[in-house]
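S.K.: This is target.pdb, which holds PDB, C-alpha atoms:
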```pdb
ATOM      1  CA  SER A   1     -18.881 -27.671  17.248
ATOM      2  CA  ILE A   2     -21.572 -25.921  15.247
ATOM      3  CA  GLU A   3     -22.020 -29.173  13.292
ATOM      4  CA  ILE A   4     -23.162 -30.919  16.485
ATOM      5  CA  VAL A   5     -25.682 -28.143  17.142
ATOM      6  CA  TYR A   6     -27.093 -28.413  13.601
ATOM      7  CA  GLY A   7     -27.157 -32.217  13.739
ATOM      8  CA  LEU A   8     -29.046 -32.244  17.037
ATOM      9  CA  ARG A   9     -31.392 -29.549  15.784
ATOM     10  CA  ASN A  10     -32.355 -31.706  12.795
ATOM     11  CA  PHE A  11     -33.315 -34.649  14.999
ATOM     12  CA  ILE A  12     -35.157 -32.490  17.526
ATOM     13  CA  GLY A  13     -36.964 -30.702  14.686
ATOM     14  CA  ASN A  14     -38.067 -34.034  13.197
ATOM     15  CA  ALA A  15     -39.307 -35.211  16.601
ATOM     16  CA  ASN A  16     -41.309 -32.006  16.925
ATOM     17  CA  LYS A  17     -42.714 -32.387  13.399
ATOM     18  CA  PHE A  18     -43.846 -35.999  13.824
ATOM     19  CA  ALA A  19     -44.886 -36.012  17.493
ATOM     20  CA  LYS A  20     -48.558 -36.278  18.371
ATOM     21  CA  ASN A  21     -48.178 -34.364  21.642
ATOM     22  CA  ASN A  22     -44.725 -34.752  23.186
ATOM     23  CA  ILE A  23     -41.045 -35.090  22.501
ATOM     24  CA  PHE A  24     -38.615 -36.463  25.048
ATOM     25  CA  ILE A  25     -34.931 -35.547  25.227
ATOM     26  CA  ASN A  26     -32.647 -37.357  27.630
ATOM     27  CA  LEU A  27     -28.983 -36.568  28.249
ATOM     28  CA  LYS A  28     -26.851 -39.113  30.050
ATOM     29  CA  SER A  29     -23.138 -38.848  30.724
ATOM     30  CA  ASP A  30     -20.520 -40.552  32.815
ATOM     31  CA  SER A  31     -16.720 -40.634  32.724
ATOM     32  CA  GLN A  32     -16.686 -42.719  29.512
ATOM     33  CA  ILE A  33     -19.788 -41.974  27.412
ATOM     34  CA  THR A  34     -22.105 -39.054  26.609
ATOM     35  CA  GLU A  35     -25.465 -40.023  25.155
ATOM     36  CA  ILE A  36     -28.460 -38.021  23.937
ATOM     37  CA  THR A  37     -31.774 -39.726  23.203
ATOM     38  CA  VAL A  38     -34.523 -37.930  21.292
ATOM     39  CA  GLU A  39     -37.957 -39.612  21.195
ATOM     40  CA  ASP A  40     -41.408 -38.610  20.069
ATOM     41  CA  ASP A  41     -44.880 -40.054  20.576
ATOM     42  CA  GLY A  42     -45.758 -40.120  16.869
ATOM     43  CA  ASN A  43     -46.147 -43.095  14.544
ATOM     44  CA  GLY A  44     -42.449 -43.986  14.395
ATOM     45  CA  TYR A  45     -40.374 -44.766  11.331
ATOM     46  CA  PRO A  46     -42.177 -46.605   8.533
ATOM     47  CA  ARG A  47     -41.129 -50.249   8.465
ATOM     48  CA  ASP A  48     -40.070 -50.155   4.820
ATOM     49  CA  ILE A  49     -37.382 -47.505   5.355
ATOM     50  CA  ILE A  50     -36.115 -48.068   8.905
ATOM     51  CA  SER A  51     -33.136 -50.107   7.711
ATOM     52  CA  LYS A  52     -32.217 -47.271   5.308
ATOM     53  CA  ILE A  53     -32.424 -44.365   7.753
ATOM     54  CA  GLY A  54     -29.586 -41.962   7.065
ATOM     55  CA  GLU A  55     -29.687 -42.346   3.301
ATOM     56  CA  PRO A  56     -31.002 -39.347   1.337
ATOM     57  CA  TYR A  57     -34.136 -39.383  -0.813
ATOM     58  CA  LEU A  58     -36.127 -41.994   1.063
ATOM     59  CA  LYS A  59     -39.825 -42.348   0.411
ATOM     60  CA  SER A  60     -42.081 -44.722   2.321
ATOM     61  CA  ASN A  61     -44.914 -46.650   0.743
ATOM     62  CA  TYR A  62     -46.703 -46.678   4.119
ATOM     63  CA  SER A  63     -46.782 -43.009   5.079
ATOM     64  CA  LYS A  64     -49.969 -42.145   6.985
ATOM     65  CA  ASP A  65     -49.739 -38.371   6.742
ATOM     66  CA  LYS A  66     -48.553 -37.073   3.373
ATOM     67  CA  SER A  67     -48.314 -33.507   4.736
ATOM     68  CA  LYS A  68     -45.507 -34.576   7.071
ATOM     69  CA  GLU A  69     -43.715 -36.742   4.549
ATOM     70  CA  GLY A  70     -40.183 -35.829   3.528
ATOM     71  CA  LEU A  71     -37.230 -37.200   1.632
ATOM     72  CA  GLY A  72     -35.107 -38.091   4.639
ATOM     73  CA  LEU A  73     -32.686 -35.243   3.993
ATOM     74  CA  GLY A  74     -32.903 -33.904   7.559
ATOM     75  CA  LEU A  75     -32.032 -37.333   8.947
ATOM     76  CA  PHE A  76     -29.234 -37.718   6.407
ATOM     77  CA  ILE A  77     -27.734 -34.306   7.206
ATOM     78  CA  GLY A  78     -28.095 -34.724  10.980
ATOM     79  CA  LYS A  79     -26.559 -38.200  10.950
ATOM     80  CA  THR A  80     -23.708 -37.118   8.667
ATOM     81  CA  LEU A  81     -22.841 -34.046  10.761
ATOM     82  CA  LEU A  82     -22.864 -35.972  14.028
ATOM     83  CA  GLU A  83     -20.895 -38.924  12.689
ATOM     84  CA  LYS A  84     -18.317 -36.500  11.282
ATOM     85  CA  ASN A  85     -17.902 -35.424  14.910
ATOM     86  CA  PHE A  86     -17.320 -38.987  16.152
ATOM     87  CA  ALA A  87     -20.891 -39.776  17.254
ATOM     88  CA  SER A  88     -22.616 -43.070  16.672
ATOM     89  CA  VAL A  89     -26.231 -42.507  15.611
ATOM     90  CA  ASN A  90     -28.882 -45.204  15.890
ATOM     91  CA  CYS A  91     -32.465 -44.625  14.684
ATOM     92  CA  ILE A  92     -35.130 -47.074  15.872
ATOM     93  CA  ASN A  93     -38.799 -47.201  16.763
ATOM     94  CA  SER A  94     -39.164 -46.605  20.479
ATOM     95  CA  LYS A  95     -39.771 -49.593  22.713
ATOM     96  CA  THR A  96     -41.273 -47.399  25.446
ATOM     97  CA  ARG A  97     -43.288 -44.944  23.362
ATOM     98  CA  SER A  98     -45.116 -45.206  20.045
ATOM     99  CA  GLY A  99     -42.774 -42.998  18.036
ATOM    100  CA  ALA A 100     -39.280 -42.690  16.664
ATOM    101  CA  GLU A 101     -36.159 -42.779  18.799
ATOM    102  CA  VAL A 102     -32.678 -41.500  17.960
ATOM    103  CA  ASN A 103     -29.723 -42.454  20.131
ATOM    104  CA  ILE A 104     -26.611 -40.305  19.709
ATOM    105  CA  ARG A 105     -23.542 -41.458  21.574
ATOM    106  CA  TRP A 106     -19.963 -40.280  21.947
ATOM    107  CA  LYS A 107     -16.952 -41.678  23.712
ATOM    108  CA  ASN A 108     -15.929 -38.724  25.864
ATOM    109  CA  ARG A 109     -12.279 -38.919  24.845
ATOM    110  CA  GLU A 110     -13.372 -38.286  21.232
ATOM    111  CA  LEU A 111     -15.982 -35.655  22.113
ATOM    112  CA  PHE A 112     -13.514 -33.559  24.066
ATOM    113  CA  ASN A 113     -11.128 -33.422  21.078
ATOM    114  CA  ILE A 114     -13.676 -31.719  18.821
TER     115      ILE A 114
END
```
Is it possible to express this structure as structure tokens?

M.R.:
Amino acid sequence: SIEIVYGLRNFIGNANKFAKNNIFINLKSDSQITEITVEDDGNGYPRDIISKIGEPYLKSNYSKDKSKEGLGLGLFIGKTLLEKNFASVNCINSKTRSGAEVNIRWKNRELFNI
């Protein structure tokens, strides 16, 4: 589905925009689940908006770099497109790296019907 491509591209583009040096993309699949994780080594999601990720027109009070600040529309569009295609999307601050982490997960039986 082209919607999946655009949704993934939004999250990968955000990782590239906010990373200090690296982005990390991991694909994992078995007979039940397909999962893509996109991480960066940036500053992560601001604490005042992390619970609202996926809503449009978000603005943090704690942004460190105003030149990279946005309105959350890329996250909103990416999340909406992927969820429309049966994905679950979870945005968190990485436990293993300093930056943001997006986990996109499908049950294979739903993914193969797209």

S.K.: From the list A:Asp40, A:Glu55, A:Glu35, A:Glu3, which residue is nearest Lys20 (chain A) when using only C-alpha atoms?

M.R.: A:Asp40

S.K.: Ranking A:Ile33, A:Glu39, A:Asp48, A:Lys107 by minimum distance to Lys17 (chain A) and counting all atoms listed in the file, which one comes first?

M.R.: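 Closest candidate: A:Glu39.
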
S.K.: Can you pull out every residue within 12 Å of region 96-98 of chain A, counting all atoms listed in the file, but drop anything in the same chain fewer than 5 positions away, and send it as number ranges by chain?

M.R.: A: 18-24, 38-46

S.K.: Starting from the displayed file, determine the output of the PyMOL selection byres ((chain A and resi 9) around 12) and express the residue list as a PyMOL selection string.

M.R.: chain A and resi 2-8+10-17+25+38+74-75+77-79+81-82

S.K.: Looking at all atoms listed in the file, which of A:Ile36, A:Leu27, A:Ala87, A:Ile92 is the one that sits closest to Ile50 (chain A)?

M.R.: A:Ile92

S.K.: Using the chain letters and numbering of this document, enumerate as a list in words the residues selected by the PyMOL selection byres ((chain A and resi 111) around 9).

M.R.: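 Expected selection for the PyMOL selection byres ((chain A and resi 111) around 9) here is Thr34, Asn85, Phe86, Ala87, Trp106, Lys107, Asn108, Arg109, Glu110, Phe112, Asn113 and Ile114 of chain A.
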
S.K.: Between A:Glu83, A:Gln32, A:Ser94, A:Val89, which residue has the minimum interatomic distance to Ile53 (chain A), considering all atoms listed in the file?

M.R.: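 Closest candidate: A:Val89.
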